[in-house]
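Each remark here refers to the structure printed beneath this line.
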Amino acid sequence: MESISIFEIIKVGIGPSSSHTMGPWNAAGNFLRQIRTDHQIQDVKEVFVEFFGSLAKTGIGHGTDIAGMLGLAGENFKTIDTTKITEKIAVMKVANQLNLGGEKLIPFVYGEHLILNKKRSLDFHPNGMIFRAIFDNGEELIQDYYSVGGGFIATREENSYEKHCVRTLYPCHSGADVMRNVEKLGLQRISDLIFLNEESWRTKEETEREALYIWQQIKECIYKGVNKEDILPGGLKVTRRAAAWNTKLLGDKVYKNIDEWFQLVVDAEETFTTINKWVSCFALAVNEENASFGRIITAPTNGASGVIPAVLMYAQAFTDRTSDDDIVRFLLVAGEIGTLFKKNATISAAMGGCQAEVGVSSAMAAAGLTEIMGGTPGQVLMAAEIAMEHHLGLTCDPIAGLVQIPCIERNSMGAIKAITASNIALESDPTKARVSLDQVIQSMWETAQSMSDRFKETSEGGLAIAVNVAEC
Ligand code: SF4
């Protein structure tokens with residue numbers, strides 16, 4: 001009966017993958033802490049890390065190896081200068097050395113000390129990894145970790161997700177719980193309930209500050225994305241498109257900074273086609289940043305990190321719900337929906353395919369938008385249900401294991417579906433709905449369990465094998 005904060009679901013991250021980049025990075029950081037608990041970093045002779053299953057099969061494309069190395073070097077993905085990542089890794093590979101925890105240079109030969117074992121999976125979870133340290137006195141420290149989605153890690157004994165759990169004032173483990181608590185307390189809005197529950201972690205003012213900080217990061221990420229023309233890293237030679245699209249949409253208008261750019265977007269003509277193009281462009285911008293190790297907002301994962309920014313930016317630019325309070329309430333409700341999927345199904349593509357990533361983010365965004373557009377609590381949950389209903393069964397089949405195709409465009413689709421789901425819910429009577437949010441979450445989980453592993457972030461099915469990478 002415990003809950004996690006919405007800021008465990010919507011948080012600052014680094015691309016390209018929460019499960020395959022941030023999870024291994026967090027595991028490496030955790031392993032460093034374990035070493036420091038009973039030993040000294042100075043006493044470490046060598047460190048080995050082996051990635052298994054999905055982490056190995058799509059590890060290069062997802063930067064799993066890079067994340068493991070930087071994590072062992074004591075780097076923090078929230079603060080690292082993302083423009084220096086390639087250089088740092090190149091230095092380690094050329095020197096065959098790693099500065100463990102930023103304290104001690106140890107030999108580290110890529111392919112020997114870091115192995116991507118594509119032939120084996122650990123039985124506990126498809127995203128398994130084992131870290132091993134050998135000390136000068138011959139002692140060894142071995143720990144297995146599992147990346148369970150959204151950057152969370154687990155060991156067989158402990159789940160990092162559980163560490164963040166507390167019992168809130170009004171626990172919500174299902175859509176039905178949300179409705180029950182809202183009605184019991186006589187609240188008009190779901191966000192009022194979440195404000196109360198988030199007080200288990202921090203004051204209301206702190207929650208508002210954190211949400212607005214997230215929004216600031218979202219805006220900056222989109223701005224960076226629409227201003228970079230480049231080829232994405234990884235070898236697929238995918239060209240960034242958001243910048244060219246931004247230029248085309250703005251015509252001859254010029255801007256010097258983020259505020260001027262945003263004002264130009266707000267002043268843009270508001271035809272269906274133009275708004276559709278802007279929303280798609282916002283999502284592309286974020287996911288292009290994500291694909292190139294940029295700083296993004298994980299929501300609930302990195303592969304799906306463009307959906308919520310695109311929909312929130314849509315609300316800010318093209319509706320009249322533009323206050324700080326609207327931003328905060330949007331994120332609170334979106335985050336709460338994400339926690340329901342995390343508790344009752346999965347937000348890991350390795351467990352549930354893309355329905356668990358873009359499907360969940362679309363449901364989150366649809367609910368957040370409906371909340372600020374004046375939807376009733378029933379309509380908010382209905383919007384989330386509709387958005388997920390039309391993502392059920394969506395597979396994860398990234399070409400060459402890179403979070404680029406189909407991932408980048410898929411975020412635009414998730415955002416557009418979220419807006420449509422919200423509009424349908426706002427025009428519907430939720431008491432007449434035949435499918436509840438809880439039922440669709442259950443269906444999503446059942447679908448996830450029945451789905452072939454080929455479609456769960458292994459790059460062994462779908463587009464990942466239909467497309468000849470060499471021709472890309
Ligand atoms: S296909 Fe979907 S789930 Fe798979 S990596 Fe891409 S965005 Fe993530």
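So you can find residues: chains in the structure tokens are A, B, ... in the order shown, residues in each start at 1, and ligands are numbered from 1 in order.
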With only C-alpha atoms and all ligand atoms counted, collect every polymer residue having an atom within 6 Å of ligand 1; state the result as a VMD selection string.
chain A and resid 303 to 304 349 353 to 354 357 to 358 396 to 398 403 406 to 407 457
Just list as an NGL selection string whatever in segment 150-324 of chain A DSSP marks as strand (DSSP E).
:A and (152-154 or 295-298)
Considering only C-alpha atoms, return as a ChimeraX atom specification whatever protein or nucleic-acid residues lie within 8 Å of segment 57-59 of chain A, sequence-local ones (same chain, fewer than 4 positions apart) excluded.
/A:20,52-53,63-65,116-118,400-402,457-459
Quick check for you: according to DSSP on this backbone, which residues of segment 178-341 of chain A are classed as alpha helix (DSSP H)? Reply as a VMD selection string.
chain A and resid 178 to 185 190 to 198 204 to 225 242 to 250 258 to 266 272 to 291 307 to 318 324 to 341
Can those selected residues be exported to a file as a compact mmCIF listing (two decimals), in the first residue's frame so that it contains C-alpha atoms?
# COMPACT_ATOMS: atom_id res chain seq x y z
CA VAL A 178 -8.13 7.89 -7.37
CA MET A 179 -11.86 8.36 -7.97
CA ARG A 180 -12.76 7.06 -4.50
CA ASN A 181 -10.38 9.48 -2.77
CA VAL A 182 -11.44 12.44 -4.90
CA GLU A 183 -15.09 11.76 -4.08
CA LYS A 184 -14.43 11.06 -0.40
CA LEU A 185 -12.60 14.36 0.00
CA ILE A 190 -7.42 15.01 -9.39
CA SER A 191 -4.44 17.36 -9.05
CA ASP A 192 -5.81 18.55 -5.67
CA LEU A 193 -5.54 14.97 -4.43
CA ILE A 194 -2.02 14.58 -5.76
CA PHE A 195 -0.94 17.84 -4.12
CA LEU A 196 -2.06 16.31 -0.80
CA ASN A 197 -0.26 13.01 -1.40
CA GLU A 198 2.95 14.65 -2.62
CA LYS A 204 3.24 22.11 -1.69
CA GLU A 205 5.54 25.03 -2.55
CA GLU A 206 8.44 22.65 -3.13
CA THR A 207 6.28 20.47 -5.36
CA GLU A 208 5.31 23.52 -7.41
CA ARG A 209 8.95 24.61 -7.67
CA GLU A 210 10.06 21.15 -8.78
CA ALA A 211 7.32 20.92 -11.42
CA LEU A 212 8.23 24.35 -12.80
CA TYR A 213 11.89 23.34 -12.88
CA ILE A 214 10.89 20.28 -14.94
CA TRP A 215 8.95 22.56 -17.30
CA GLN A 216 12.00 24.83 -17.67
CA GLN A 217 14.12 21.79 -18.60
CA ILE A 218 11.46 20.66 -21.07
CA LYS A 219 11.41 24.05 -22.76
CA GLU A 220 15.19 24.20 -22.97
CA CYS A 221 15.35 20.68 -24.38
CA ILE A 222 12.83 21.51 -27.13
CA TYR A 223 14.69 24.76 -27.89
CA LYS A 224 18.00 22.91 -28.20
CA GLY A 225 16.38 20.32 -30.43
CA ALA A 242 13.18 19.31 -36.02
CA ALA A 243 15.47 22.25 -36.83
CA ALA A 244 14.61 22.35 -40.53
CA TRP A 245 10.93 22.05 -39.70
CA ASN A 246 11.16 24.84 -37.13
CA THR A 247 12.79 27.10 -39.73
CA LYS A 248 10.13 26.28 -42.28
CA LEU A 249 7.29 26.87 -39.84
CA LEU A 250 8.67 30.23 -38.75
CA ILE A 258 14.37 30.94 -26.11
CA ASP A 259 11.80 33.54 -25.04
CA GLU A 260 11.69 35.19 -28.45
CA TRP A 261 11.41 31.79 -30.12
CA PHE A 262 8.57 30.74 -27.82
CA GLN A 263 6.68 33.97 -28.51
CA LEU A 264 6.95 33.35 -32.25
CA VAL A 265 5.45 29.88 -31.76
CA VAL A 266 2.63 31.36 -29.67
CA PHE A 272 -5.19 22.28 -37.63
CA THR A 273 -2.28 21.47 -39.91
CA THR A 274 0.06 24.05 -38.41
CA ILE A 275 -0.65 23.00 -34.85
CA ASN A 276 -0.26 19.35 -35.81
CA LYS A 277 3.11 20.16 -37.37
CA TRP A 278 4.31 22.11 -34.34
CA VAL A 279 3.32 19.35 -31.92
CA SER A 280 5.07 16.76 -34.08
CA CYS A 281 8.12 19.03 -34.32
CA PHE A 282 8.31 19.51 -30.50
CA ALA A 283 8.37 15.73 -30.02
CA LEU A 284 10.98 15.23 -32.75
CA ALA A 285 13.15 17.92 -31.15
CA VAL A 286 13.17 16.19 -27.75
CA ASN A 287 13.78 12.72 -29.13
CA GLU A 288 16.56 13.90 -31.39
CA GLU A 289 18.19 15.37 -28.29
CA ASN A 290 17.57 12.08 -26.51
CA ALA A 291 19.15 10.10 -29.34
CA VAL A 307 5.36 12.96 -25.70
CA ILE A 308 4.73 14.91 -22.50
CA PRO A 309 6.90 17.89 -23.58
CA ALA A 310 5.09 18.07 -26.93
CA VAL A 311 1.64 18.02 -25.32
CA LEU A 312 2.54 20.45 -22.54
CA MET A 313 4.13 22.80 -25.06
CA TYR A 314 0.99 22.49 -27.17
CA ALA A 315 -1.09 23.56 -24.15
CA GLN A 316 1.24 26.48 -23.49
CA ALA A 317 1.40 27.69 -27.09
CA PHE A 318 -2.03 26.92 -28.47
CA ASP A 324 2.22 28.20 -13.85
CA ASP A 325 -0.60 26.48 -11.99
CA ASP A 326 -1.68 24.77 -15.23
CA ILE A 327 1.86 23.51 -15.82
CA VAL A 328 2.11 22.12 -12.30
CA ARG A 329 -1.29 20.41 -12.40
CA PHE A 330 -0.58 18.92 -15.84
CA LEU A 331 2.63 17.32 -14.59
CA LEU A 332 1.10 16.12 -11.32
CA VAL A 333 -1.72 14.30 -13.04
CA ALA A 334 0.52 12.93 -15.80
CA GLY A 335 2.93 11.62 -13.18
CA GLU A 336 0.15 10.01 -11.15
CA ILE A 337 -1.08 8.09 -14.20
CA GLY A 338 2.50 6.91 -14.78
CA THR A 339 2.69 5.54 -11.24
CA LEU A 340 -0.49 3.49 -11.83
CA PHE A 341 1.08 1.83 -14.88
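Minimum atom-to-atom distance to Ser452 of chain A, evaluated using only C-alpha atoms, belongs to A:Thr395 out of A:Thr376, A:Thr86, A:Ser428, A:Thr395.
Put simply, atom CA of Glu75 of chain A is 8.7 Å away from atom CA of Trp25 of chain A.
Neighbouring residues of Thr431 of chain A at 10 Å or closer, counting only C-alpha atoms and skipping chain neighbours under 5 positions away, are Gly378, Gln379, Met382 and Ser436 of chain A.
Ranking A:Gly149, A:Gly251, A:Pro107, A:Pro233 by their shortest atom-to-atom distance to Ile134 of chain A, with only C-alpha atoms included, puts A:Pro107 first.
The residue that comes closest to Asn344 of chain A, out of A:Glu269, A:Glu389, A:Glu158, A:Glu446 and on the basis of only C-alpha atoms, is A:Glu446.
Minimum distance to Phe135 of chain A across A:Met69, A:Asp43, A:Asn99, A:Val226 (counting only C-alpha atoms) occurs at A:Asp43.
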Using only C-alpha atoms, which protein or nucleic acid residues come within 8 Å of Lys417 of chain A? Drop anything in the same chain fewer than 4 positions from it, and give the result as a PyMOL selection string.
chain A and resi 362+387+413+421
Ile85 of chain A environment, 10 Å, only C-alpha atoms, sequence neighbours closer than 3 positions dropped, as a PyMOL selection string:
chain A and resi 66-67+70+80-82+88-90+293-294
I'd like to know which of A:Thr155, A:His39, A:Leu105, A:Ala367 is closest to Glu139 of chain A, using only C-alpha atoms.
A:His39
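Here atom CA of Lys11 of chain A is placed at a distance of 6.8 Å from atom CA of Ala299 of chain A.
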May I ask which of the residues A:Ala154, A:Val238, A:Ala365, A:Ala27 is the closest one to Ile10 of chain A, counting only C-alpha atoms?
A:Ala365
